[in-house]
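Let me begin by presenting the structure, written as structure tokens, before commenting on it.
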Amino acid sequence: MAFSPRVFVLLCGISGLLTGAWAKPSKNRALCCPKGWDQFNDRCYIFQDEARTFTDAERICNLLGGNLASISDELENAVVYHLVEEADANQAWIGLHDNIEEEDFMWLDGTKFEFENFANGEPGGDMCVVIEADGGEWVGESCDSEEPYVCVADAFCYRH
């Protein structure tokens with residue numbers, strides 16, 4: 001018997017009510033994402049097409065329960081790249097910046113900066129980073145530029 005997405009979300013909501021929702025899920029409990037978000041492994045992603053500055057985009061992501069997307073490997077980069085490409089955008093903010101010290105990049109959500117996918121000659125002197133829809137490479141952009149963006153949040157079952 002196949003489960004519809006609505007049944008799955010309903011089951012997650014009931015499970016959350018019975019086990020104290022908002023807690024991180026155990027290994028045995030299914031992971032869920034809010035409506036409109038895409039799930040990859042244990043994280044939820046959403047592309048936001050309303051152009052914002054880097055700081056404003058992060059604020060919106062915080063309000064949605066996450067951060068601008070951090071990317072830890074090539075596969076995750078492909079997921080974020082696909083969201084931007086699918087939205088027919090040229091590029092989008094990700095949560096990488098060097099605002100504290102030039103050329104010392106860090107992710108807004110505290111993820112360790114180990115994977116990078118900068119285009120040739122990048123990141124340059126700019127302090128904030130976008131992912132390009134043409135190949136998924138990263139380039140520096142002025143933090144005051146207004147760009148669409150990708151948010152990420154941990155997946156878990158939400159109380160409805």
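In the structure tokens, each chain is lettered A, B, ... as it comes, each chain's residues begin at 1, and ligands are numbered from 1 in order of appearance.
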- Write out as a list in words each polymer residue whose atoms come within 6 Å of stretch 42-56 of chain A, counting only C-alpha atoms; drop sequence neighbours fewer than 6 positions from it.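 The neighbour list is Cys33, Cys143, Asp144, Ser145, Glu146, Glu147, Pro148, Tyr149, Val150, Cys151, Val152, Ala153, Asp154 and Ala155 of chain A.
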- Spatial neighbours of stretch 77-81 of chain A, max dist 8 Å, only C-alpha atoms, sep filter under 6 positions, as a count of residues only: 10
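Straight-line separation from atom CA of A:Pro34 to atom CA of A:Gly65: 10.2 Å.
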- Message: For the structure I just gave you, how does DSSP split stretch 25-145 of chain A - specifically, which residues are strand (DSSP E or B)? Reply as number ranges by chain.
- Response: A: 38-40, 43-52, 67-68, 91-97, 106-107, 118, 128-132, 138-141
- Note on the structure: Restricting to only C-alpha atoms, whichever of A:Arg59, A:Phe113, A:Gly66, A:Asp134 is closest to A:His97 is A:Phe113
- So how far away is atom CA of A:Phe105 from atom CA of A:Glu58, in Å?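 One can read the atom CA of A:Glu58 to atom CA of A:Phe105 distance as 16.1 Å.
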